[in-house]
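Data block for data.json (JSON, C-alpha atoms):
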[["chain", "number", "residue", "atom", "x", "y", "z"],
["A", 1, "MET", "CA", 113.87, 77.29, 116.16],
["A", 2, "THR", "CA", 113.47, 80.27, 118.50],
["A", 3, "ASN", "CA", 117.18, 81.00, 118.18],
["A", 4, "LEU", "CA", 116.89, 81.02, 114.42],
["A", 5, "LEU", "CA", 113.89, 83.35, 114.63],
["A", 6, "LEU", "CA", 115.77, 85.63, 117.01],
["A", 7, "ALA", "CA", 118.69, 85.77, 114.59],
["A", 8, "PHE", "CA", 116.26, 86.54, 111.76],
["A", 9, "ASP", "CA", 114.65, 89.33, 113.77],
["A", 10, "LEU", "CA", 118.02, 90.84, 114.65],
["A", 11, "LEU", "CA", 119.15, 90.68, 111.03],
["A", 12, "LEU", "CA", 115.85, 92.22, 109.93],
["A", 13, "SER", "CA", 116.12, 95.11, 112.41],
["A", 14, "LEU", "CA", 119.73, 95.83, 111.53],
["A", 15, "THR", "CA", 118.99, 95.78, 107.78],
["A", 16, "LEU", "CA", 116.02, 98.07, 108.37],
["A", 17, "VAL", "CA", 118.09, 100.64, 110.24],
["A", 18, "GLY", "CA", 120.86, 100.36, 107.64],
["A", 19, "LEU", "CA", 118.40, 100.90, 104.78],
["A", 20, "ALA", "CA", 116.84, 103.87, 106.58],
["A", 21, "ALA", "CA", 120.26, 105.48, 107.06],
["A", 22, "ALA", "CA", 121.20, 104.78, 103.43],
["A", 23, "ALA", "CA", 117.92, 106.29, 102.18],
["A", 24, "LEU", "CA", 118.35, 109.37, 104.36],
["A", 25, "THR", "CA", 121.95, 110.04, 103.36],
["A", 26, "SER", "CA", 121.57, 109.25, 99.65],
["A", 27, "ARG", "CA", 122.31, 112.26, 97.47],
["A", 28, "GLU", "CA", 120.39, 111.13, 94.42],
["A", 29, "PRO", "CA", 116.57, 111.28, 94.86],
["A", 30, "ARG", "CA", 115.94, 108.23, 92.65],
["A", 31, "ARG", "CA", 118.37, 106.11, 94.66],
["A", 32, "ALA", "CA", 116.83, 107.33, 97.92],
["A", 33, "VAL", "CA", 113.34, 106.39, 96.71],
["A", 34, "ILE", "CA", 114.44, 102.90, 95.68],
["A", 35, "LEU", "CA", 116.08, 102.41, 99.08],
["A", 36, "PHE", "CA", 112.87, 103.68, 100.69],
["A", 37, "ILE", "CA", 110.82, 101.08, 98.78],
["A", 38, "ALA", "CA", 113.16, 98.33, 99.97],
["A", 39, "PHE", "CA", 112.81, 99.75, 103.48],
["A", 40, "GLY", "CA", 108.99, 99.64, 103.19],
["A", 41, "LEU", "CA", 109.00, 96.01, 102.04],
["A", 42, "LEU", "CA", 111.22, 94.94, 104.93],
["A", 43, "LEU", "CA", 109.05, 96.97, 107.31],
["A", 44, "ALA", "CA", 106.03, 94.98, 106.07],
["A", 45, "LEU", "CA", 107.97, 91.83, 107.03],
["A", 46, "VAL", "CA", 108.57, 93.32, 110.49],
["A", 47, "TRP", "CA", 104.82, 93.95, 110.93],
["A", 48, "ALA", "CA", 104.17, 90.35, 109.86],
["A", 49, "ARG", "CA", 106.69, 89.16, 112.48],
["A", 50, "LEU", "CA", 104.89, 91.26, 115.09],
["A", 51, "ARG", "CA", 101.73, 89.32, 114.15],
["A", 52, "ALA", "CA", 100.01, 92.38, 112.70],
["A", 53, "PRO", "CA", 99.05, 91.12, 109.23],
["A", 54, "ASP", "CA", 96.64, 94.03, 108.66],
["A", 55, "VAL", "CA", 99.35, 96.60, 109.09],
["A", 56, "ALA", "CA", 101.77, 94.47, 107.05],
["A", 57, "LEU", "CA", 99.31, 94.40, 104.13],
["A", 58, "ALA", "CA", 98.75, 98.15, 104.30],
["A", 59, "GLU", "CA", 102.47, 98.87, 104.60],
["A", 60, "ALA", "CA", 103.37, 96.69, 101.62],
["A", 61, "ALA", "CA", 100.56, 98.06, 99.42],
["A", 62, "ILE", "CA", 100.54, 101.72, 100.39],
["A", 63, "GLY", "CA", 103.86, 102.39, 102.16],
["A", 64, "ALA", "CA", 106.11, 100.56, 99.74],
["A", 65, "GLY", "CA", 104.01, 100.20, 96.59],
["A", 66, "LEU", "CA", 101.95, 103.32, 95.94],
["A", 67, "ALA", "CA", 104.04, 105.80, 97.92],
["A", 68, "GLY", "CA", 107.07, 104.37, 96.12],
["A", 69, "ALA", "CA", 105.45, 104.86, 92.70],
["A", 70, "LEU", "CA", 104.44, 108.42, 93.61],
["A", 71, "MET", "CA", 107.90, 109.30, 94.86],
["A", 72, "LEU", "CA", 109.61, 107.74, 91.83],
["A", 73, "ALA", "CA", 107.47, 110.00, 89.63],
["A", 74, "ALA", "CA", 108.32, 112.98, 91.81],
["A", 75, "ALA", "CA", 112.03, 112.15, 91.65],
["A", 76, "ARG", "CA", 111.85, 111.93, 87.87],
["A", 77, "ARG", "CA", 110.14, 115.31, 87.75],
["A", 78, "ALA", "CA", 112.74, 116.79, 90.06],
["A", 79, "ALA", "CA", 115.57, 115.40, 87.91],
["A", 80, "ARG", "CA", 113.94, 116.82, 84.76],
["A", 81, "GLY", "CA", 113.57, 120.18, 86.50],
["A", 82, "ALA", "CA", 117.25, 120.15, 87.49],
["A", 83, "ARG", "CA", 118.34, 119.51, 83.89],
["A", 84, "GLY", "CA", 115.80, 121.86, 82.31],
["A", 85, "PRO", "CA", 115.75, 125.64, 81.97],
["A", 86, "GLY", "CA", 114.73, 126.21, 85.59],
["A", 87, "GLY", "CA", 118.21, 125.29, 86.80],
["A", 88, "SER", "CA", 118.60, 128.08, 89.31],
["A", 89, "GLU", "CA", 115.96, 126.84, 91.73],
["A", 90, "SER", "CA", 117.15, 123.27, 91.52],
["A", 91, "SER", "CA", 120.76, 124.14, 92.30],
["A", 92, "ALA", "CA", 119.51, 126.00, 95.33],
["A", 93, "GLY", "CA", 117.51, 122.93, 96.32],
["A", 94, "GLN", "CA", 120.48, 120.60, 96.12],
["A", 95, "ASP", "CA", 122.56, 122.11, 98.89],
["B", 1, "MET", "CA", 127.91, 114.73, 104.07],
["B", 2, "GLY", "CA", 130.27, 115.21, 106.99],
["B", 3, "VAL", "CA", 129.68, 116.86, 110.32],
["B", 4, "ARG", "CA", 126.15, 118.06, 109.72],
["B", 5, "HIS", "CA", 124.90, 114.69, 108.53],
["B", 6, "SER", "CA", 126.50, 112.77, 111.38],
["B", 7, "LEU", "CA", 125.03, 115.32, 113.78],
["B", 8, "ILE", "CA", 121.54, 114.77, 112.37],
["B", 9, "ILE", "CA", 121.94, 111.00, 112.45],
["B", 10, "GLY", "CA", 123.23, 111.19, 116.02],
["B", 11, "LEU", "CA", 120.24, 113.30, 117.01],
["B", 12, "LEU", "CA", 117.83, 110.88, 115.33],
["B", 13, "ALA", "CA", 119.51, 107.95, 117.10],
["B", 14, "LEU", "CA", 119.08, 109.82, 120.41],
["B", 15, "ILE", "CA", 115.37, 110.41, 119.71],
["B", 16, "GLY", "CA", 114.98, 106.77, 118.73],
["B", 17, "ALA", "CA", 116.67, 105.60, 121.92],
["B", 18, "THR", "CA", 114.44, 107.90, 124.00],
["B", 19, "LEU", "CA", 111.31, 106.56, 122.29],
["B", 20, "ALA", "CA", 112.47, 102.99, 122.85],
["B", 21, "TRP", "CA", 113.04, 103.78, 126.53],
["B", 22, "VAL", "CA", 109.62, 105.39, 126.90],
["B", 23, "TYR", "CA", 107.98, 102.39, 125.21],
["B", 24, "TRP", "CA", 109.89, 99.98, 127.44],
["B", 25, "ASP", "CA", 109.01, 101.96, 130.54],
["B", 26, "ALA", "CA", 105.33, 102.15, 129.61],
["B", 27, "LEU", "CA", 105.28, 98.42, 128.92],
["B", 28, "ILE", "CA", 107.02, 97.37, 132.15],
["B", 29, "GLY", "CA", 106.27, 100.12, 134.62],
["B", 30, "HIS", "CA", 102.63, 101.02, 134.57],
["B", 31, "ALA", "CA", 100.49, 98.07, 133.65],
["B", 32, "GLY", "CA", 97.21, 99.94, 133.99],
["B", 33, "THR", "CA", 93.97, 99.02, 132.27],
["B", 34, "ARG", "CA", 94.30, 98.72, 128.53],
["B", 35, "LEU", "CA", 91.53, 99.06, 125.99],
["B", 36, "ALA", "CA", 92.47, 95.93, 124.04],
["B", 37, "GLY", "CA", 90.66, 93.59, 126.43],
["B", 38, "LEU", "CA", 87.54, 95.71, 126.46],
["B", 39, "ALA", "CA", 87.53, 95.98, 122.65],
["B", 40, "LEU", "CA", 88.03, 92.23, 122.17],
["B", 41, "GLU", "CA", 85.14, 91.57, 124.57],
["B", 42, "ARG", "CA", 82.75, 93.69, 122.50],
["B", 43, "VAL", "CA", 83.80, 92.42, 119.03],
["B", 44, "PRO", "CA", 80.75, 90.11, 118.73],
["B", 45, "GLU", "CA", 78.45, 93.17, 118.98],
["B", 46, "SER", "CA", 80.27, 95.07, 116.25],
["B", 47, "GLY", "CA", 78.85, 93.23, 113.24],
["B", 48, "VAL", "CA", 82.24, 91.89, 112.08],
["B", 49, "SER", "CA", 84.47, 89.22, 113.58],
["B", 50, "ASN", "CA", 87.86, 90.71, 112.64],
["B", 51, "PRO", "CA", 88.90, 92.80, 115.68],
["B", 52, "VAL", "CA", 90.90, 95.24, 113.53],
["B", 53, "THR", "CA", 87.92, 96.02, 111.29],
["B", 54, "ALA", "CA", 85.68, 96.22, 114.37],
["B", 55, "VAL", "CA", 87.90, 98.94, 115.85],
["B", 56, "LEU", "CA", 88.46, 100.81, 112.56],
["B", 57, "LEU", "CA", 84.88, 100.83, 111.28],
["B", 58, "ASN", "CA", 82.83, 100.62, 114.46],
["B", 59, "PHE", "CA", 84.49, 101.53, 117.77],
["B", 60, "ARG", "CA", 86.70, 104.24, 116.26],
["B", 61, "ALA", "CA", 84.80, 104.92, 113.03],
["B", 62, "TYR", "CA", 85.31, 108.63, 113.58],
["B", 63, "ASP", "CA", 89.08, 108.22, 113.11],
["B", 64, "THR", "CA", 88.59, 106.34, 109.85],
["B", 65, "LEU", "CA", 86.22, 109.03, 108.57],
["B", 66, "LEU", "CA", 88.87, 111.64, 109.27],
["B", 67, "GLU", "CA", 91.52, 109.50, 107.54],
["B", 68, "LEU", "CA", 89.35, 109.49, 104.42],
["B", 69, "ALA", "CA", 88.99, 113.26, 104.76],
["B", 70, "VAL", "CA", 92.80, 113.54, 104.87],
["B", 71, "LEU", "CA", 93.02, 111.59, 101.59],
["B", 72, "LEU", "CA", 90.40, 113.92, 100.09],
["B", 73, "ALA", "CA", 92.39, 116.96, 101.21],
["B", 74, "ALA", "CA", 95.56, 115.43, 99.73],
["B", 75, "ILE", "CA", 94.04, 114.94, 96.28],
["B", 76, "LEU", "CA", 92.59, 118.46, 96.35],
["B", 77, "GLY", "CA", 96.09, 119.72, 97.12],
["B", 78, "ILE", "CA", 97.54, 117.73, 94.21],
["B", 79, "TRP", "CA", 94.84, 119.04, 91.85],
["B", 80, "SER", "CA", 95.45, 122.61, 92.89],
["B", 81, "SER", "CA", 99.13, 122.29, 91.92],
["B", 82, "GLY", "CA", 98.31, 122.28, 88.20],
["B", 83, "PRO", "CA", 97.27, 120.05, 85.30],
["B", 84, "GLU", "CA", 98.29, 116.40, 85.10],
["B", 85, "ALA", "CA", 101.72, 115.29, 83.93],
["B", 86, "ARG", "CA", 102.17, 113.96, 80.39],
["B", 87, "GLY", "CA", 101.27, 110.31, 79.91],
["B", 88, "PHE", "CA", 103.53, 107.48, 78.82],
["B", 89, "LEU", "CA", 104.01, 105.93, 75.41],
["B", 90, "PRO", "CA", 101.71, 102.97, 74.64],
["B", 91, "ALA", "CA", 103.10, 99.70, 75.96],
["B", 92, "GLY", "CA", 104.78, 97.12, 73.76],
["B", 93, "PRO", "CA", 103.17, 93.68, 73.25],
["B", 94, "VAL", "CA", 104.78, 92.08, 76.32],
["B", 95, "LEU", "CA", 103.88, 94.82, 78.80],
["B", 96, "GLY", "CA", 100.45, 95.17, 77.18],
["B", 97, "ALA", "CA", 99.68, 91.47, 77.58],
["B", 98, "LEU", "CA", 100.95, 91.52, 81.16],
["B", 99, "THR", "CA", 98.76, 94.52, 81.94],
["B", 100, "SER", "CA", 95.66, 92.85, 80.54],
["B", 101, "TRP", "CA", 96.32, 89.97, 82.96],
["B", 102, "VAL", "CA", 97.43, 91.93, 86.01],
["B", 103, "VAL", "CA", 94.71, 94.60, 86.09],
["B", 104, "PRO", "CA", 91.72, 92.21, 86.27],
["B", 105, "LEU", "CA", 93.57, 90.15, 88.89],
["B", 106, "LEU", "CA", 94.20, 93.30, 90.95],
["B", 107, "ILE", "CA", 90.52, 94.24, 90.79],
["B", 108, "LEU", "CA", 89.52, 90.70, 91.78],
["B", 109, "ALA", "CA", 92.00, 90.72, 94.68],
["B", 110, "ALA", "CA", 90.65, 94.10, 95.80],
["B", 111, "GLY", "CA", 87.11, 92.71, 95.92],
["B", 112, "TYR", "CA", 88.34, 89.71, 97.88],
["B", 113, "LEU", "CA", 90.25, 91.85, 100.40],
["B", 114, "LEU", "CA", 87.19, 94.07, 100.86],
["B", 115, "TRP", "CA", 84.93, 91.12, 101.63],
["B", 116, "VAL", "CA", 87.44, 89.17, 103.73],
["B", 117, "GLY", "CA", 88.07, 92.23, 105.91],
["B", 118, "GLY", "CA", 84.98, 91.30, 107.95],
["B", 119, "HIS", "CA", 86.57, 88.21, 109.46],
["B", 120, "ALA", "CA", 90.29, 88.16, 108.56],
["B", 121, "PRO", "CA", 93.09, 90.65, 107.76],
["B", 122, "GLY", "CA", 91.99, 92.90, 104.91],
["B", 123, "GLY", "CA", 89.67, 95.87, 104.54],
["B", 124, "ALA", "CA", 88.99, 99.08, 102.71],
["B", 125, "PHE", "CA", 92.47, 100.60, 102.75],
["B", 126, "GLN", "CA", 94.23, 97.48, 101.48],
["B", 127, "ALA", "CA", 91.57, 96.88, 98.84],
["B", 128, "GLY", "CA", 91.66, 100.54, 97.79],
["B", 129, "ALA", "CA", 95.44, 100.38, 97.51],
["B", 130, "LEU", "CA", 95.12, 97.45, 95.10],
["B", 131, "LEU", "CA", 92.61, 99.40, 92.97],
["B", 132, "GLY", "CA", 95.01, 102.35, 92.99],
["B", 133, "ALA", "CA", 97.85, 100.05, 91.96],
["B", 134, "ALA", "CA", 95.72, 98.82, 89.04],
["B", 135, "GLY", "CA", 95.37, 102.45, 87.97],
["B", 136, "VAL", "CA", 99.12, 103.02, 88.22],
["B", 137, "VAL", "CA", 99.82, 99.91, 86.10],
["B", 138, "LEU", "CA", 97.34, 101.12, 83.47],
["B", 139, "ARG", "CA", 98.91, 104.57, 83.42],
["B", 140, "LEU", "CA", 102.43, 103.12, 83.11],
["B", 141, "SER", "CA", 101.37, 100.99, 80.17],
["B", 142, "GLY", "CA", 100.22, 104.03, 78.21],
["B", 143, "GLU", "CA", 96.56, 104.46, 79.16],
["B", 144, "PRO", "CA", 96.43, 108.23, 79.77],
["B", 145, "SER", "CA", 93.34, 108.15, 82.00],
["B", 146, "ALA", "CA", 94.81, 105.46, 84.32],
["B", 147, "GLY", "CA", 91.44, 103.71, 84.06],
["B", 148, "LEU", "CA", 89.70, 106.60, 85.81],
["B", 149, "PRO", "CA", 86.29, 107.89, 84.66],
["B", 150, "PRO", "CA", 85.84, 111.39, 83.15],
["B", 151, "LEU", "CA", 86.33, 114.30, 85.53],
["B", 152, "PRO", "CA", 82.72, 114.83, 86.74],
["B", 153, "TRP", "CA", 82.39, 111.15, 87.68],
["B", 154, "LEU", "CA", 85.89, 111.11, 89.10],
["B", 155, "ARG", "CA", 84.91, 113.93, 91.46],
["B", 156, "VAL", "CA", 81.92, 111.89, 92.64],
["B", 157, "GLY", "CA", 84.09, 108.80, 93.09],
["B", 158, "ILE", "CA", 86.73, 110.61, 95.09],
["B", 159, "GLY", "CA", 84.18, 112.19, 97.43],
["B", 160, "LEU", "CA", 82.07, 109.03, 97.73],
["B", 161, "GLY", "CA", 83.83, 107.58, 100.78],
["B", 162, "VAL", "CA", 83.49, 110.68, 102.95],
["B", 163, "LEU", "CA", 79.98, 111.30, 101.62],
["B", 164, "ILE", "CA", 78.55, 107.84, 102.39],
["B", 165, "PHE", "CA", 80.37, 107.71, 105.73],
["B", 166, "THR", "CA", 79.01, 111.10, 106.85],
["B", 167, "LEU", "CA", 75.51, 110.46, 105.52],
["B", 168, "THR", "CA", 75.38, 107.14, 107.38],
["B", 169, "GLY", "CA", 76.42, 108.87, 110.57],
["B", 170, "LEU", "CA", 73.87, 111.65, 110.13],
["B", 171, "ALA", "CA", 71.09, 109.19, 109.23],
["B", 172, "LEU", "CA", 71.86, 107.22, 112.41],
["B", 173, "MET", "CA", 71.69, 110.47, 114.37],
["B", 174, "ALA", "CA", 68.30, 111.25, 112.83],
["B", 175, "LEU", "CA", 67.13, 107.79, 113.91],
["B", 176, "GLY", "CA", 68.07, 108.57, 117.47],
["B", 177, "GLN", "CA", 71.42, 106.75, 117.66],
["B", 178, "GLY", "CA", 74.73, 108.49, 118.19],
["B", 179, "PHE", "CA", 76.85, 109.67, 115.24],
["B", 180, "LEU", "CA", 78.17, 106.43, 113.67],
["B", 181, "THR", "CA", 76.74, 104.27, 116.47],
["B", 182, "TYR", "CA", 75.40, 101.34, 114.49],
["B", 183, "PRO", "CA", 72.50, 99.26, 115.80],
["B", 184, "ALA", "CA", 73.83, 95.71, 116.25],
["B", 185, "ALA", "CA", 71.32, 94.17, 113.84],
["B", 186, "SER", "CA", 72.34, 96.19, 110.78],
["B", 187, "ALA", "CA", 75.97, 96.89, 111.74],
["B", 188, "LYS", "CA", 77.40, 94.35, 109.29],
["B", 189, "TRP", "CA", 75.66, 95.79, 106.24],
["B", 190, "LEU", "CA", 76.32, 99.38, 107.22],
["B", 191, "ILE", "CA", 80.02, 98.59, 107.64],
["B", 192, "LEU", "CA", 80.11, 96.75, 104.32],
["B", 193, "MET", "CA", 78.41, 99.66, 102.54],
["B", 194, "ILE", "CA", 80.82, 102.20, 104.05],
["B", 195, "GLU", "CA", 83.81, 100.01, 103.26],
["B", 196, "THR", "CA", 82.72, 99.53, 99.65],
["B", 197, "ALA", "CA", 82.36, 103.28, 99.15],
["B", 198, "ALA", "CA", 85.66, 103.87, 100.92],
["B", 199, "THR", "CA", 87.44, 101.28, 98.74],
["B", 200, "LEU", "CA", 86.24, 102.91, 95.52],
["B", 201, "SER", "CA", 87.13, 106.31, 96.87],
["B", 202, "ILE", "CA", 90.61, 105.32, 98.05],
["B", 203, "GLY", "CA", 91.35, 103.52, 94.78],
["B", 204, "ALA", "CA", 90.26, 106.52, 92.70],
["B", 205, "THR", "CA", 92.18, 108.94, 94.93],
["B", 206, "LEU", "CA", 95.43, 106.98, 94.81],
["B", 207, "ALA", "CA", 95.25, 106.43, 91.05],
["B", 208, "ALA", "CA", 94.39, 110.11, 90.52],
["B", 209, "ALA", "CA", 97.33, 111.11, 92.73],
["B", 210, "TYR", "CA", 99.61, 109.29, 90.28],
["B", 211, "LEU", "CA", 98.48, 111.62, 87.48],
["B", 212, "ALA", "CA", 100.32, 114.35, 89.44],
["B", 213, "GLY", "CA", 97.73, 117.04, 88.79],
["B", 214, "GLU", "CA", 94.13, 117.72, 87.86],
["B", 215, "PRO", "CA", 93.08, 115.55, 84.87],
["B", 216, "VAL", "CA", 92.76, 117.49, 81.63],
["B", 217, "PRO", "CA", 89.32, 116.82, 80.07],
["B", 218, "ALA", "CA", 90.34, 116.78, 76.39],
["B", 219, "ARG", "CA", 93.47, 114.70, 76.43],
["B", 220, "SER", "CA", 92.57, 111.62, 74.43],
["B", 221, "THR", "CA", 94.52, 111.77, 71.16],
["B", 222, "THR", "CA", 96.45, 115.03, 71.08],
["B", 223, "GLN", "CA", 98.82, 114.15, 73.90],
["B", 224, "GLN", "CA", 99.61, 110.62, 72.92],
["B", 225, "PRO", "CA", 102.62, 111.12, 70.60],
["B", 226, "GLY", "CA", 104.44, 113.39, 73.02],
["B", 227, "GLY", "CA", 104.53, 110.87, 75.86],
["B", 228, "THR", "CA", 107.60, 109.84, 77.76],
["B", 229, "ARG", "CA", 108.96, 106.38, 78.45],
["B", 230, "PRO", "CA", 108.32, 104.90, 81.90]]

Once you've parsed the file, please lay out its structure as structure tokens.
Amino acid sequence: MTNLLLAFDLLLSLTLVGLAAAALTSREPRRAVILFIAFGLLLALVWARLRAPDVALAEAAIGAGLAGALMLAAARRAARGARGPGGSESSAGQD
Amino acid sequence: MGVRHSLIIGLLALIGATLAWVYWDALIGHAGTRLAGLALERVPESGVSNPVTAVLLNFRAYDTLLELAVLLAAILGIWSSGPEARGFLPAGPVLGALTSWVVPLLILAAGYLLWVGGHAPGGAFQAGALLGAAGVVLRLSGEPSAGLPPLPWLRVGIGLGVLIFTLTGLALMALGQGFLTYPAASAKWLILMIETAATLSIGATLAAAYLAGEPVPARSTTQQPGGTRP
């Protein structure tokens, strides 16, 4: 049982680091945000494994849920700005 | 991509490894006195039986007050960046029916989390997040106000948490206690009152943040046809 849990923890940590790297290196904002939401949900699982249910609840609700919704809206706005007439500032922001 | 990215990732990995080492060293090396034992000992005097709530709302209430002030500053920043974004098109029958089920359940769950925070995991921030999520769901399904009251009342709601928190602290000072030092007899009800105000405030702030700007007073019918799809 403990071995299984250890394997689960290791898998969880590795996935978390992998998701963080993927979110950081993603070029497309929308993709990065979705990866960040997945990262937040797994992080909530990590807090639950650390026996901190309070932090897990807050992370799932605020870190993954609401921050995710806010950033998705921001990413949509950014994408609209990049396609719209204000293209010069967005092309400067991309590089 | 390329050299610069791998450099940044390498640097971050180095910082992470250093932090892990510091944590490990602090855990193994210097086992001095920690505050956890002391805090757990005094939980019965705090008015609540959940140690996390006891620390957040009683022993370190000052920190929580400042956290609420940070949220207030954040929404003021969002409002100063311009008027709200355009709303979404009204939901179809399926999303509409789902919303009319999910939103009441979210409000109910928020009330439960608020109450249960006294003796089990839960509390104002989690409950407020659920209220905020209810607002986001409403906004996504085409309700332009996201369930928020008109602007004057919204202002009151957003400031309510900090207001009640500060007034409680000042009233306790006037009664001869320290700032936010609750007398043991009334601690439970003071904490519940502050948490209720904080929940409403956090919920309103988070839902208002999703509007992405200061709400426009006269928005009811003129904006509706020009909405975008979620």

Can you pull out every residue within 9 Å of B:Gln126, counting all atoms listed in the file, but drop anything in the same chain fewer than 6 positions away, and send it as JSON, numbers by chain?
{"A": [54, 57, 58, 59, 61, 62], "B": [110, 113, 114, 199]}

Write out, as CSV, each residue of chain B that has an atom at most 6 Å from chain A, together with the closest pair of atoms and their distance in Å to one decimal, counting only C-alpha atoms, rows going by chain and rising number.
residue,atom,partner,partner_atom,distance
B:Pro121,CA,A:Asp54,CA,5.0
B:Gln126,CA,A:Ala58,CA,5.4
B:Ala129,CA,A:Ala61,CA,5.9
B:Tyr210,CA,A:Leu70,CA,5.9

Would you put the residues from that selection into a file with C-alpha atoms, as a CSV table (one decimal), keeping the file's coordinate frame?
chain,number,residue,atom,x,y,z
B,121,PRO,CA,93.1,90.6,107.8
B,126,GLN,CA,94.2,97.5,101.5
B,129,ALA,CA,95.4,100.4,97.5
B,210,TYR,CA,99.6,109.3,90.3

Could you check which residues have any atom within 7 Å of (81.2, 102.5, 116.0), counting all atoms listed in the file with coordinates taken straight from the file, and then list them as a ChimeraX atom specification?
/B:57-61,180-182

What does the distance from atom CA of B:Ile107 to atom CA of B:Leu131 come to in Å, to one decimal?
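So the two atoms, atom CA of B:Ile107 and atom CA of B:Leu131, lie 6.0 Å apart.
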
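Between A:Leu35 and the residues A:Leu72, A:Leu14, A:Ala82, A:Ala7, the shortest atom-to-atom distance, using all atoms listed in the file, involves A:Leu72.
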
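Separating atom CA of B:Thr53 from atom CA of A:Leu41 is a distance of 23.0 Å.
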
Which value, in Å to one decimal, gives the distance between atom CA of B:Leu12 and atom CA of A:Leu50?
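Atom-to-atom, atom CA of B:Leu12 to atom CA of A:Leu50, that is 23.5 Å.
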
My list of candidates is B:Leu175, B:Leu148, B:Ala134, B:Val116. Which is closest to B:Thr99 when distances are computed with all atoms listed in the file?
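Among the listed residues, B:Ala134 lies closest to B:Thr99.
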
Using all atoms listed in the file, can you list as a compact mmCIF listing (two decimals) with C-alpha atoms, in the frame of the given file the residues within 12 Å of (82.2, 100.4, 103.8)?
# COMPACT_ATOMS: atom_id res chain seq x y z
CA VAL B 48 82.24 91.89 112.08
CA THR B 53 87.92 96.02 111.29
CA ALA B 54 85.68 96.22 114.37
CA LEU B 56 88.46 100.81 112.56
CA LEU B 57 84.88 100.83 111.28
CA ASN B 58 82.83 100.62 114.46
CA ALA B 61 84.80 104.92 113.03
CA THR B 64 88.59 106.34 109.85
CA LEU B 65 86.22 109.03 108.57
CA LEU B 68 89.35 109.49 104.42
CA LEU B 114 87.19 94.07 100.86
CA TRP B 115 84.93 91.12 101.63
CA GLY B 117 88.07 92.23 105.91
CA GLY B 118 84.98 91.30 107.95
CA GLY B 123 89.67 95.87 104.54
CA ALA B 124 88.99 99.08 102.71
CA PHE B 125 92.47 100.60 102.75
CA ALA B 127 91.57 96.88 98.84
CA GLY B 128 91.66 100.54 97.79
CA LEU B 160 82.07 109.03 97.73
CA GLY B 161 83.83 107.58 100.78
CA VAL B 162 83.49 110.68 102.95
CA LEU B 163 79.98 111.30 101.62
CA ILE B 164 78.55 107.84 102.39
CA PHE B 165 80.37 107.71 105.73
CA THR B 166 79.01 111.10 106.85
CA THR B 168 75.38 107.14 107.38
CA ALA B 187 75.97 96.89 111.74
CA LYS B 188 77.40 94.35 109.29
CA TRP B 189 75.66 95.79 106.24
CA LEU B 190 76.32 99.38 107.22
CA ILE B 191 80.02 98.59 107.64
CA LEU B 192 80.11 96.75 104.32
CA MET B 193 78.41 99.66 102.54
CA ILE B 194 80.82 102.20 104.05
CA GLU B 195 83.81 100.01 103.26
CA THR B 196 82.72 99.53 99.65
CA ALA B 197 82.36 103.28 99.15
CA ALA B 198 85.66 103.87 100.92
CA THR B 199 87.44 101.28 98.74
CA LEU B 200 86.24 102.91 95.52
CA SER B 201 87.13 106.31 96.87
CA ILE B 202 90.61 105.32 98.05

Centre and size of axis-aligned box enclosing stretch 159-164 of chain B plus 3 Å each side, as JSON:
{"center_x": 81.4, "center_y": 109.9, "center_z": 100.2, "size_x": 11.6, "size_y": 10.6, "size_z": 11.5}

All residues 6 Å or closer to B:Gly132, all atoms listed in the file, same chain fewer than 6 positions away omitted, as an MDAnalysis selection string:
chainID B and resid 203 206:207

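Take the candidates B:Ala171, B:Val52, B:Ser141, B:Ser80 and check each one against B:Val94 using all atoms listed in the file; the shortest distance goes to B:Ser141.
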
Quick one: residues within 9 Å of A:Ala38, all atoms listed in the file counted, chain neighbours fewer than 6 positions away excluded, as number ranges by chain?
A: 16, 19, 64
